[in-house]
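Have a look at final-v1.csv below; it lists CSV, C-alpha atoms.
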chain,number,residue,atom,x,y,z
X,229,MET,CA,100.1,96.6,81.5
X,230,PRO,CA,97.8,97.4,84.4
X,231,SER,CA,94.4,98.7,83.5
X,232,THR,CA,94.0,102.5,83.6
X,233,ALA,CA,90.6,102.7,82.1
X,234,GLY,CA,88.5,101.7,85.1
X,235,PRO,CA,88.2,104.0,88.1
X,236,GLY,CA,90.0,103.1,91.3
X,237,PRO,CA,88.2,102.6,94.6
X,238,PRO,CA,86.0,105.6,95.5
X,239,LEU,CA,87.5,108.1,98.0
X,240,PRO,CA,85.4,109.0,101.0
X,241,PRO,CA,84.2,112.6,100.6
X,242,GLN,CA,85.4,113.5,104.0
X,243,LEU,CA,88.9,112.1,103.4
X,244,LEU,CA,89.1,114.1,100.2
X,245,GLU,CA,88.0,117.3,101.8
X,246,GLU,CA,90.5,116.8,104.7
X,247,ALA,CA,93.3,116.1,102.2
X,248,LEU,CA,92.5,119.3,100.3
X,249,GLN,CA,92.4,121.2,103.6
X,250,VAL,CA,95.8,119.9,104.7
X,251,CYS,CA,97.3,120.8,101.3
X,252,GLU,CA,95.8,124.3,101.5
X,253,GLN,CA,97.2,124.8,105.0
X,254,HIS,CA,100.6,123.6,104.0
X,255,LEU,CA,100.7,125.9,101.0
X,256,GLY,CA,99.6,128.7,103.2
X,257,SER,CA,102.4,128.1,105.7
X,258,LEU,CA,104.9,128.1,102.9
X,259,GLY,CA,103.6,131.5,101.9
X,260,HIS,CA,103.6,132.7,105.5
X,261,GLN,CA,99.8,133.3,105.2
X,262,ASP,CA,99.1,131.4,108.5
X,263,ILE,CA,100.7,134.0,110.9
X,264,ASP,CA,97.4,135.7,111.7
X,265,GLY,CA,95.2,132.6,111.4
X,266,ASP,CA,93.5,130.8,114.1
X,267,PRO,CA,96.0,128.3,115.6
X,268,LEU,CA,93.3,125.7,116.2
X,269,SER,CA,92.1,125.8,112.6
X,270,LEU,CA,95.5,125.6,111.0
X,271,CYS,CA,96.2,122.0,111.9
X,272,MET,CA,94.3,118.9,112.7
X,273,MET,CA,94.1,117.7,116.3
X,274,GLY,CA,96.0,114.5,117.1
X,275,THR,CA,93.0,112.2,116.9
X,276,ASP,CA,91.8,113.8,113.7
X,277,TRP,CA,95.3,113.4,112.1
X,278,ASP,CA,95.5,109.8,113.2
X,279,ARG,CA,92.1,109.1,111.7
X,280,PHE,CA,93.1,110.9,108.5
X,281,LEU,CA,96.2,108.7,108.2
X,282,ARG,CA,94.3,105.6,108.9
X,283,ASP,CA,91.7,106.3,106.2
X,284,TYR,CA,94.5,107.3,103.8
X,285,TYR,CA,96.4,104.1,104.3
X,286,ARG,CA,93.2,102.1,104.0
X,287,VAL,CA,92.3,103.6,100.6
X,288,ALA,CA,95.9,103.2,99.4
X,289,HIS,CA,96.0,99.6,100.4
X,290,VAL,CA,92.7,98.8,98.6
X,291,ALA,CA,93.9,100.5,95.4
X,292,LEU,CA,97.2,98.7,95.4
X,293,LYS,CA,95.7,95.3,96.2
X,294,SER,CA,93.2,95.8,93.4
X,295,GLU,CA,95.9,96.3,90.8
X,296,ILE,CA,98.0,93.4,92.1
X,297,LYS,CA,94.9,91.1,91.9
X,298,LYS,CA,94.3,92.0,88.3
X,299,LEU,CA,97.9,91.2,87.5
X,300,ILE,CA,97.7,87.9,89.4
X,301,TYR,CA,94.6,86.9,87.5
X,302,THR,CA,96.3,87.7,84.2
X,303,HIS,CA,99.3,85.6,85.3
X,304,VAL,CA,97.0,82.7,86.2
X,305,GLY,CA,95.5,82.9,82.7
X,306,ILE,CA,99.0,82.7,81.1
X,307,TRP,CA,99.9,79.8,83.5
X,308,LEU,CA,96.8,77.8,82.5
X,309,LEU,CA,97.6,78.2,78.8
X,310,LEU,CA,101.1,76.8,79.3
X,311,LEU,CA,99.7,74.0,81.4
X,312,ALA,CA,97.2,73.2,78.7
X,313,GLN,CA,100.0,73.1,76.1
X,314,MET,CA,101.9,70.7,78.3
X,315,CYS,CA,98.9,68.4,78.8
X,316,VAL,CA,98.1,68.4,75.1
X,317,GLY,CA,101.7,67.7,74.1
X,318,HIS,CA,102.5,65.0,76.6
X,319,LEU,CA,99.1,63.2,76.5
X,320,LYS,CA,99.2,63.5,72.7
X,321,LEU,CA,95.7,64.8,72.6
X,322,LEU,CA,96.6,66.6,69.3
X,323,PRO,CA,99.3,65.9,66.7
X,324,HIS,CA,102.6,67.7,67.5
X,325,ASP,CA,102.5,69.5,64.1
X,326,GLN,CA,99.4,71.3,65.5
X,327,VAL,CA,100.6,71.9,69.1
X,328,ALA,CA,104.3,71.7,69.6
X,329,MET,CA,105.9,70.2,72.7
X,330,PRO,CA,106.8,72.7,75.4
X,331,TYR,CA,110.2,74.4,75.6
X,332,GLN,CA,112.4,73.6,78.6
X,333,TRP,CA,111.8,77.0,80.3
X,334,GLU,CA,108.1,76.3,80.5
X,335,TYR,CA,108.5,73.5,83.1
X,336,PRO,CA,110.2,75.7,85.9
X,337,TYR,CA,107.8,78.5,85.0
X,338,LEU,CA,104.9,76.3,86.4
X,339,LEU,CA,106.3,77.1,89.8
X,340,SER,CA,105.4,80.8,89.2
X,341,ILE,CA,102.0,80.1,90.6
X,342,LEU,CA,103.5,79.9,94.1
X,343,PRO,CA,104.4,83.6,94.3
X,344,SER,CA,100.9,84.6,93.2
X,345,LEU,CA,99.3,82.4,95.8
X,346,LEU,CA,101.6,83.9,98.5
X,347,GLY,CA,100.6,87.4,97.3
X,348,LEU,CA,96.9,86.6,97.6
X,349,LEU,CA,97.4,85.1,101.1
X,350,SER,CA,99.2,88.2,102.3
X,351,PHE,CA,96.2,90.5,101.6
X,352,PRO,CA,93.6,89.5,104.3
X,353,ARG,CA,95.8,90.4,107.3
X,354,ASN,CA,98.4,92.6,105.5
X,355,ASN,CA,101.0,90.0,106.2
X,356,ILE,CA,104.4,91.6,105.3
X,357,SER,CA,106.3,88.3,105.5
X,358,TYR,CA,104.1,86.6,102.9
X,359,LEU,CA,104.4,89.6,100.6
X,360,VAL,CA,108.2,89.7,100.9
X,361,LEU,CA,108.3,85.9,100.1
X,362,SER,CA,106.0,86.5,97.2
X,363,MET,CA,108.4,89.2,95.7
X,364,ILE,CA,111.5,87.1,96.2
X,365,SER,CA,109.9,83.9,94.7
X,366,THR,CA,108.6,86.0,91.8
X,367,GLY,CA,112.2,86.7,90.9
X,368,LEU,CA,113.2,83.1,91.2
X,369,PHE,CA,110.2,81.2,89.8
X,370,SER,CA,108.8,83.8,87.4
X,371,VAL,CA,111.4,86.2,86.1
X,372,ALA,CA,114.3,83.8,86.0
X,373,PRO,CA,112.5,81.2,83.8
X,374,LEU,CA,111.4,83.9,81.4
X,375,ILE,CA,115.0,85.1,81.0
X,376,TYR,CA,116.2,81.5,80.4
X,377,GLY,CA,113.3,81.0,77.9
X,378,ALA,CA,114.3,84.1,75.9
X,379,MET,CA,117.9,82.7,75.6
X,380,GLU,CA,116.7,79.2,74.9
X,381,MET,CA,114.5,80.3,72.0
X,382,PHE,CA,116.8,82.9,70.6
X,383,PRO,CA,118.6,80.6,68.1
X,384,MET,CA,115.2,79.4,66.7
X,385,ALA,CA,114.0,83.0,66.5
X,386,GLN,CA,117.2,84.0,64.7
X,387,GLN,CA,116.7,81.2,62.2
X,388,LEU,CA,113.1,82.1,61.6
X,389,TYR,CA,114.1,85.8,61.0
X,390,ARG,CA,117.0,85.0,58.7
X,391,HIS,CA,115.7,82.1,56.7
X,392,GLY,CA,112.0,82.1,57.4
X,393,LYS,CA,112.1,78.5,58.5
X,394,ALA,CA,110.1,77.2,61.5
X,395,TYR,CA,109.9,73.6,62.6
X,396,ARG,CA,107.5,73.8,65.5
X,397,PHE,CA,104.0,75.2,65.3
X,398,ILE,CA,101.0,76.0,67.5
X,399,PHE,CA,97.8,75.9,65.4
X,400,GLY,CA,99.6,77.0,62.3
X,401,PHE,CA,101.7,79.8,63.9
X,402,SER,CA,105.4,79.5,64.5
X,403,ALA,CA,105.8,78.2,68.1
X,404,VAL,CA,108.8,80.4,68.8
X,405,SER,CA,106.9,83.5,67.8
X,406,VAL,CA,103.9,82.6,70.0
X,407,MET,CA,106.1,81.8,72.9
X,408,TYR,CA,108.1,84.9,72.6
X,409,LEU,CA,104.9,86.9,72.7
X,410,VAL,CA,104.0,85.0,75.9
X,411,VAL,CA,107.4,85.8,77.4
X,412,VAL,CA,107.0,89.5,76.6
X,413,VAL,CA,103.5,89.7,78.1
X,414,ALA,CA,104.4,87.6,81.2
X,415,ALA,CA,107.5,89.8,81.8
X,416,GLN,CA,105.4,92.9,81.8
X,417,VAL,CA,102.9,91.3,84.2
X,418,HIS,CA,105.6,90.2,86.6
X,419,GLY,CA,107.4,93.6,86.3
X,420,TRP,CA,104.2,95.5,87.3
X,421,GLN,CA,103.4,93.0,89.9
X,422,LEU,CA,106.8,93.6,91.6
X,423,TYR,CA,106.4,97.3,91.3
X,424,TYR,CA,102.9,97.4,92.9
X,425,SER,CA,104.0,94.9,95.5
X,426,LYS,CA,106.9,97.1,96.5
X,427,LYS,CA,104.6,100.1,96.8
X,428,LEU,CA,102.2,98.1,98.9
X,429,LEU,CA,105.0,96.8,101.1
X,430,ASP,CA,106.3,100.3,101.7
X,431,SER,CA,102.7,101.4,102.6
X,432,TRP,CA,102.3,98.5,105.0
X,433,PHE,CA,105.6,99.2,106.6
X,434,THR,CA,104.9,102.9,107.1
X,435,SER,CA,101.5,102.1,108.5
X,436,THR,CA,103.0,99.7,111.0
X,437,GLN,CA,105.6,102.2,112.0
X,438,GLU,CA,102.9,104.8,112.6
X,439,LYS,CA,101.0,102.3,114.9
X,440,LYS,CA,104.2,101.6,116.9
X,441,LYS,CA,104.7,105.3,117.6
X,442,LYS,CA,101.3,105.6,119.3
Since I need it in another form, could you write the structure as structure tokens?
Amino acid sequence: MPSTAGPGPPLPPQLLEEALQVCEQHLGSLGHQDIDGDPLSLCMMGTDWDRFLRDYYRVAHVALKSEIKKLIYTHVGIWLLLLAQMCVGHLKLLPHDQVAMPYQWEYPYLLSILPSLLGLLSFPRNNISYLVLSMISTGLFSVAPLIYGAMEMFPMAQQLYRHGKAYRFIFGFSAVSVMYLVVVVAAQVHGWQLYYSKKLLDSWFTSTQEKKKK
């Protein structure tokens, strides 16, 4: 689901060179090629290593935040579409044979905007508590309604598959087909969002532990 076409944030040339140097030294030590080398050149000094780790974590954080933001913006788009359907249905802006009334699972799913807001609020100061709350509430307010929705719409999808009959439509398309597509896309968005949030949380935690050791 996340975009792989666009490049990530650019790596500082010095950080890239230092990473390659560390890898080369490590491989050399595994092959016992560092015995006759200059001890000062075989490893970074403490301050250089701290700076390298700080730059590495900064680049990793920026990349993960960028991916999560893309997923959050995609989720906001889905959320706005469902909100528009509810407004059109309840305010009777269009006939119900054009835009069907919402299914029951769509109402609790509106709360899924809260985890996304918590995720965005956690970014400026790397707030671990907000990110953890975002991940937990994603399961409660995003994933759980989608699971309920898949079960709620299953009998209607089964009827459509077996008999080709649909009684609810969205602009001429079967409402159950459209909403199942929404469920599948939203499930992927939230799945990747949890995955990248867990990686970001681990990175923040590791970075915090490194700071405490100093």
Atomic distance atom CA of X:His418 - atom CA of X:Ser340, expressed in Å with one decimal: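 A separation of 9.8 Å between them.
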Expressed in Å to a single decimal, how great is the separation between atom CA of X:Met407 and atom CA of X:Cys315? 16.3 Å
Give me the residues near X:Ser344 as a list in words, where near means some atom within 8 Å (using only C-alpha atoms) and where sequence neighbours in that chain fewer than 2 positions away do not count. Ile300, Ser340, Ile341, Leu342, Leu346, Gly347, Leu348, Ser362 and Thr366 of chain X
Sphere at (103.0, 71.5, 78.6), radius 9 Å, counting only C-alpha atoms: residues as a VMD selection string: chain X and resid 309 to 318 329 to 331 334 to 335
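Take atom CA of X:Ser357 and atom CA of X:Pro343: the distance between them is 12.3 Å.
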